[in-house]
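Colleague: Got a file for you: coords.tsv, TSV, C-alpha atoms.
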chain	number	residue	atom	x	y	z
A	1	MET	CA	15.61	-7.64	83.35
A	2	PRO	CA	16.76	-7.03	86.94
A	3	SER	CA	15.95	-3.77	88.71
A	4	ILE	CA	18.17	-0.92	87.58
A	5	SER	CA	19.14	2.01	89.78
A	6	SER	CA	18.90	5.64	88.73
A	7	ASP	CA	22.68	5.87	89.09
A	8	THR	CA	23.15	3.03	86.61
A	9	LEU	CA	20.76	4.68	84.15
A	10	LEU	CA	22.63	7.95	84.49
A	11	GLN	CA	25.95	6.21	83.87
A	12	TRP	CA	24.61	4.40	80.81
A	13	ASN	CA	23.11	7.55	79.32
A	14	THR	CA	26.30	9.50	79.91
A	15	GLU	CA	28.39	6.83	78.20
A	16	LEU	CA	25.97	6.20	75.33
A	17	ARG	CA	25.68	9.87	74.36
A	18	ALA	CA	29.21	9.56	72.98
A	19	ARG	CA	28.35	6.52	70.86
A	20	SER	CA	26.82	6.23	67.41
A	21	PRO	CA	23.23	5.00	66.98
A	22	LEU	CA	24.47	1.65	65.66
A	23	GLU	CA	26.76	1.25	68.67
A	24	ILE	CA	23.80	1.99	70.95
A	25	VAL	CA	21.66	-0.64	69.21
A	26	ARG	CA	24.45	-3.19	69.53
A	27	TRP	CA	24.80	-2.30	73.20
A	28	ALA	CA	21.07	-2.90	73.68
A	29	VAL	CA	21.19	-6.28	71.93
A	30	ALA	CA	24.19	-7.32	74.04
A	31	GLN	CA	22.51	-6.72	77.42
A	32	VAL	CA	22.54	-9.76	79.69
A	33	GLY	CA	19.39	-11.82	79.21
A	34	ALA	CA	18.08	-9.42	76.59
A	35	ARG	CA	14.97	-10.41	74.66
A	36	VAL	CA	15.03	-7.52	72.22
A	37	ILE	CA	12.35	-6.09	69.96
A	38	VAL	CA	12.05	-2.90	67.95
A	39	SER	CA	8.71	-1.16	67.51
A	40	THR	CA	7.63	0.88	64.52
A	41	ASN	CA	4.65	2.66	63.05
A	42	PHE	CA	6.35	3.41	59.71
A	43	ARG	CA	6.11	7.17	60.24
A	44	PRO	CA	8.73	9.55	58.79
A	45	TYR	CA	12.32	8.50	59.55
A	46	GLU	CA	11.33	5.05	60.90
A	47	ALA	CA	13.43	3.46	58.15
A	48	ALA	CA	16.51	4.60	60.08
A	49	ILE	CA	15.75	2.71	63.30
A	50	LEU	CA	14.71	-0.40	61.37
A	51	HIS	CA	17.90	-0.32	59.29
A	52	LEU	CA	19.97	0.00	62.47
A	53	ALA	CA	18.08	-2.78	64.25
A	54	VAL	CA	18.52	-5.40	61.53
A	55	GLN	CA	22.25	-4.62	61.33
A	56	ALA	CA	22.58	-5.56	65.00
A	57	ARG	CA	20.26	-8.59	64.81
A	58	ALA	CA	18.88	-9.63	61.43
A	59	ASP	CA	15.87	-11.47	62.83
A	60	ILE	CA	14.89	-8.96	65.51
A	61	PRO	CA	11.10	-8.99	66.02
A	62	VAL	CA	9.49	-5.79	64.68
A	63	LEU	CA	6.30	-4.93	66.57
A	64	TRP	CA	3.83	-2.97	64.45
A	65	VAL	CA	0.30	-2.02	65.44
A	66	ASP	CA	-1.72	-1.76	62.24
A	67	HIS	CA	-4.75	0.12	63.57
A	68	GLY	CA	-6.38	0.14	60.14
A	69	TYR	CA	-6.28	3.90	59.60
A	70	ASN	CA	-2.94	4.13	57.79
A	71	ARG	CA	-2.92	5.86	54.45
A	72	PRO	CA	-2.06	3.88	51.29
A	73	ALA	CA	1.42	5.43	51.14
A	74	THR	CA	2.22	4.14	54.63
A	75	TYR	CA	1.15	0.59	53.79
A	76	LYS	CA	3.27	0.70	50.61
A	77	HIS	CA	6.20	2.07	52.62
A	78	ALA	CA	5.82	-0.74	55.17
A	79	GLU	CA	5.85	-3.39	52.47
A	80	GLU	CA	8.87	-1.81	50.76
A	81	LEU	CA	10.86	-1.81	54.01
A	82	ARG	CA	9.70	-5.31	54.91
A	83	ALA	CA	11.07	-6.65	51.63
A	84	ARG	CA	14.19	-4.51	51.50
A	85	LEU	CA	15.34	-5.04	55.09
A	86	LYS	CA	13.90	-8.57	55.38
A	87	LEU	CA	11.98	-7.46	58.46
A	88	ASN	CA	10.73	-10.06	60.91
A	89	LEU	CA	7.49	-8.09	61.09
A	90	LYS	CA	5.01	-8.89	63.87
A	91	PRO	CA	1.75	-7.05	63.06
A	92	TYR	CA	-0.86	-6.68	65.79
A	93	LEU	CA	-4.37	-5.56	64.88
A	94	PRO	CA	-7.18	-4.21	67.06
A	95	ARG	CA	-9.97	-6.61	68.00
A	96	VAL	CA	-12.37	-4.42	66.01
A	97	THR	CA	-11.81	-3.21	62.45
A	98	ALA	CA	-11.62	0.47	61.54
A	99	ALA	CA	-14.81	0.19	59.47
A	100	HIS	CA	-16.65	-1.46	62.37
A	101	ARG	CA	-15.49	1.15	64.88
A	102	ASP	CA	-16.45	4.05	62.58
A	103	ALA	CA	-19.89	2.57	61.93
A	104	ILE	CA	-20.65	2.29	65.65
A	105	TYR	CA	-18.85	5.32	67.11
A	106	GLY	CA	-18.50	7.71	64.19
A	107	PRO	CA	-15.44	9.60	62.94
A	108	ILE	CA	-12.09	9.73	64.73
A	109	PRO	CA	-12.33	12.19	67.65
A	110	THR	CA	-10.68	15.57	67.24
A	111	THR	CA	-8.16	17.26	69.54
A	112	GLU	CA	-11.10	19.05	71.19
A	113	ASP	CA	-12.28	15.69	72.56
A	114	GLU	CA	-9.37	14.51	74.69
A	115	GLU	CA	-11.34	11.76	76.44
A	116	GLY	CA	-12.66	10.52	73.12
A	117	LEU	CA	-9.14	10.38	71.72
A	118	LYS	CA	-7.90	8.43	74.74
A	119	LYS	CA	-10.71	5.90	74.34
A	120	PHE	CA	-9.96	5.62	70.62
A	121	SER	CA	-6.28	5.11	71.34
A	122	ALA	CA	-7.01	2.49	74.01
A	123	VAL	CA	-9.08	0.33	71.64
A	124	MET	CA	-7.31	0.81	68.32
A	125	LYS	CA	-3.68	1.21	69.36
A	126	LEU	CA	-2.85	0.54	73.01
A	127	GLU	CA	-4.68	-2.78	73.41
A	128	PRO	CA	-3.02	-4.43	70.38
A	129	PHE	CA	0.33	-2.96	71.40
A	130	GLN	CA	0.02	-4.33	74.93
A	131	ARG	CA	-1.00	-7.69	73.51
A	132	GLY	CA	2.10	-7.66	71.33
A	133	MET	CA	4.34	-6.76	74.23
A	134	GLN	CA	2.86	-9.53	76.37
A	135	GLU	CA	3.34	-12.14	73.64
A	136	LEU	CA	6.83	-11.05	72.57
A	137	ALA	CA	7.79	-10.35	76.22
A	138	PRO	CA	10.85	-8.16	75.57
A	139	THR	CA	13.27	-7.17	78.30
A	140	VAL	CA	14.79	-4.57	75.94
A	141	TRP	CA	12.60	-2.43	73.70
A	142	ILE	CA	14.26	-0.37	70.96
A	143	THR	CA	12.28	2.68	69.85
A	144	ALA	CA	12.62	5.60	67.45
A	145	LEU	CA	11.78	8.16	70.16
A	146	ARG	CA	13.49	11.51	69.74
A	147	LYS	CA	13.78	14.47	72.09
A	148	VAL	CA	12.55	16.92	69.44
A	149	GLN	CA	9.22	15.12	68.92
A	150	ASN	CA	7.19	16.58	71.80
A	151	PRO	CA	7.54	18.00	75.33
A	152	ASN	CA	6.85	14.71	77.13
A	153	ARG	CA	9.73	12.99	75.38
A	154	ALA	CA	12.16	15.77	76.25
A	155	GLY	CA	12.11	14.39	79.79
A	156	LEU	CA	13.34	10.97	78.67
A	157	ASP	CA	16.81	9.89	77.54
A	158	ILE	CA	18.55	7.27	75.40
A	159	VAL	CA	17.90	4.63	78.05
A	160	SER	CA	14.94	4.63	80.41
A	161	LEU	CA	12.82	2.16	82.34
A	162	ASP	CA	9.38	1.88	80.81
A	163	GLU	CA	6.69	1.87	83.50
A	164	ASN	CA	3.95	0.62	81.20
A	165	PHE	CA	5.68	-2.52	79.95
A	166	GLY	CA	8.47	-3.24	82.43
A	167	ALA	CA	11.17	-3.17	79.76
A	168	LEU	CA	14.42	-1.29	79.33
A	169	LYS	CA	13.56	1.26	76.64
A	170	VAL	CA	16.47	2.21	74.37
A	171	SER	CA	16.16	5.09	71.91
A	172	PRO	CA	19.34	5.25	69.79
A	173	LEU	CA	18.12	8.27	67.77
A	174	PHE	CA	17.09	10.28	70.82
A	175	TYR	CA	19.40	13.27	70.25
A	176	LEU	CA	19.38	13.28	66.44
A	177	SER	CA	17.88	16.11	64.43
A	178	ASP	CA	15.78	15.84	61.27
A	179	ALA	CA	18.80	16.97	59.27
A	180	GLU	CA	20.97	14.20	60.72
A	181	LEU	CA	18.30	11.61	59.92
A	182	ASP	CA	17.92	13.01	56.40
A	183	ALA	CA	21.65	12.47	55.97
A	184	TYR	CA	21.43	8.91	57.34
A	185	LEU	CA	18.61	7.98	54.96
A	186	ALA	CA	20.49	9.51	52.03
A	187	GLN	CA	23.73	7.74	52.95
A	188	HIS	CA	22.01	4.35	53.02
A	189	GLN	CA	19.56	5.13	50.20
A	190	LEU	CA	16.56	4.46	52.40
A	191	PRO	CA	13.03	5.67	51.62
A	192	ASN	CA	11.04	8.06	53.78
A	193	GLU	CA	7.28	8.41	54.17
A	194	TRP	CA	5.67	11.82	54.58
A	195	ASP	CA	1.99	10.93	54.16
A	196	TYR	CA	1.83	9.30	57.59
A	197	PHE	CA	-1.13	10.01	59.87
A	198	ASP	CA	-1.65	8.76	63.44
A	199	PRO	CA	-5.37	8.97	64.32
A	200	ALA	CA	-4.62	8.29	67.98
A	201	LYS	CA	-2.64	11.50	68.21
A	202	ALA	CA	-4.49	13.90	65.91
A	203	ASP	CA	-1.70	16.37	66.73
A	204	GLU	CA	2.06	15.87	66.49
A	205	LYS	CA	2.65	17.30	69.97
A	206	ARG	CA	0.15	14.98	71.63
A	207	GLU	CA	0.98	11.57	73.11
A	208	CYS	CA	-1.02	8.52	72.01
A	209	GLY	CA	-0.34	6.75	75.30
A	210	LEU	CA	2.40	4.26	74.38
A	211	HIS	CA	5.06	6.40	76.04
A	212	ALA	CA	2.86	8.10	78.65
A	213	THR	CA	1.83	6.83	82.07
A	214	TRP	CA	-1.91	7.12	81.31
A	215	GLY	CA	-1.57	4.56	78.50
A	216	LYS	CA	-1.60	1.42	80.66
A	217	LYS	CA	-4.55	2.66	82.72
A	218	ALA	CA	-6.52	3.51	79.57
A	219	VAL	CA	-6.61	-0.08	78.36
A	220	ASN	CA	-7.52	-1.48	81.77
A	221	ALA	CA	-10.28	1.05	82.36
Please lay out the structure from this file as structure tokens.

Modeller:
Amino acid sequence: MPSISSDTLLQWNTELRARSPLEIVRWAVAQVGARVIVSTNFRPYEAAILHLAVQARADIPVLWVDHGYNRPATYKHAEELRARLKLNLKPYLPRVTAAHRDAIYGPIPTTEDEEGLKKFSAVMKLEPFQRGMQELAPTVWITALRKVQNPNRAGLDIVSLDENFGALKVSPLFYLSDAELDAYLAQHQLPNEWDYFDPAKADEKRECGLHATWGKKAVNA
């Protein structure tokens, strides 16, 4: 993907705000020289972005970091969506299992241990994600990021340049509310998953590092 000016990004975001999520996904897939992937963690509402992605490109690679700490409901949800949407799922696992990590380092750090959480995230989530991004080498990365999710993401937009992975990051659901996504899932009879837990966050308002500048440094530290 060639370098993109801030003026071009502004123009794209202005134009895309008037388009539907499916139109935005199709725009992303149609970019010149685009090697497109979509990432997921199968959290609540992820069925929407996956449904949109496979409509635009049926065989789009779906990058999923299975850190080993998902709850049974999340694994069942992932398998249901894989079968239903015929997902071209690309799972990436940490180099150490959850049981091994817990035996050596103890329980998942709490929000009171920010450095511990960053180290946990680097080993169990960021390293396998970076490995996946290097192997799949996308120039366009479709995500389920939304403005309402936390303060850091409010500073992003539908289209942004990702500093960590050098890809054009496209978030078709960026301005949608929970109510709008509820309606989308109902319209297409898609399942949701409310038992999701992300151990690398430990708090919904905290970033795990995938979409924050400290993420790349954490893995290389």

Colleague: Can you work out which one of A:Lys169, A:Lys76, A:Arg57, A:Arg84 has the shortest atom-to-atom distance to A:Trp141, counting only C-alpha atoms?

Modeller: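 Under the stated criterion, the closest residue is A:Lys169.
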
Colleague: Rank A:Leu168, A:Ala47, A:Leu156, A:Val123 by their smallest atom-to-atom distance to A:Glu80, using all atoms listed in the file, and report the top residue only.

Modeller: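 Nearest candidate to A:Glu80 out of A:Leu168, A:Ala47, A:Leu156, A:Val123: A:Ala47.
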
Colleague: In terms of the shortest atom-to-atom distance over all atoms listed in the file, which of A:Pro172, A:Pro199, A:Pro138, A:Pro21 is closest to A:Lys119?

Modeller: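 Distance minimum relative to A:Lys119 lands on A:Pro199.
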
Colleague: Give me the residues within 8 Å of stretch 48-55 of chain A as a ChimeraX atom specification, counting all atoms listed in the file and dropping any in the same chain fewer than 2 places off.

Modeller: /A:21-22,25,38,40,45-46,57-60,85,87,143-144,172-173,181,184-185,190

Colleague: In terms of the shortest atom-to-atom distance over all atoms listed in the file, which of A:Val32, A:Leu126, A:Leu63, A:Ala186 is closest to A:Asn164?

Modeller: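 Of A:Val32, A:Leu126, A:Leu63, A:Ala186, the one nearest A:Asn164 is A:Leu126, counting all atoms listed in the file.
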
Colleague: For atom CA of A:Trp12 and atom CA of A:Asp182, quote the distance in Å rounded to one decimal.

Modeller: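 If I compute the distance from atom CA of A:Trp12 to atom CA of A:Asp182, I get 26.7 Å.
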
Colleague: Between atom CA of A:Leu176 and atom CA of A:Gln130, what is the distance in Å, rounded to a tenth?

Modeller: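 Atom CA of A:Gln130 lies at a distance of 27.5 Å from atom CA of A:Leu176.
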
Colleague: Taking all atoms listed in the file into account, name the residue in A:Ser121, A:Asn41, A:Ser171, A:Asn192 that is nearest to A:Ile108.

Modeller: A:Ser121

Colleague: Atom CA of A:His77 to atom CA of A:Gln189: how many Å, to one decimal?

Modeller: 13.9 Å
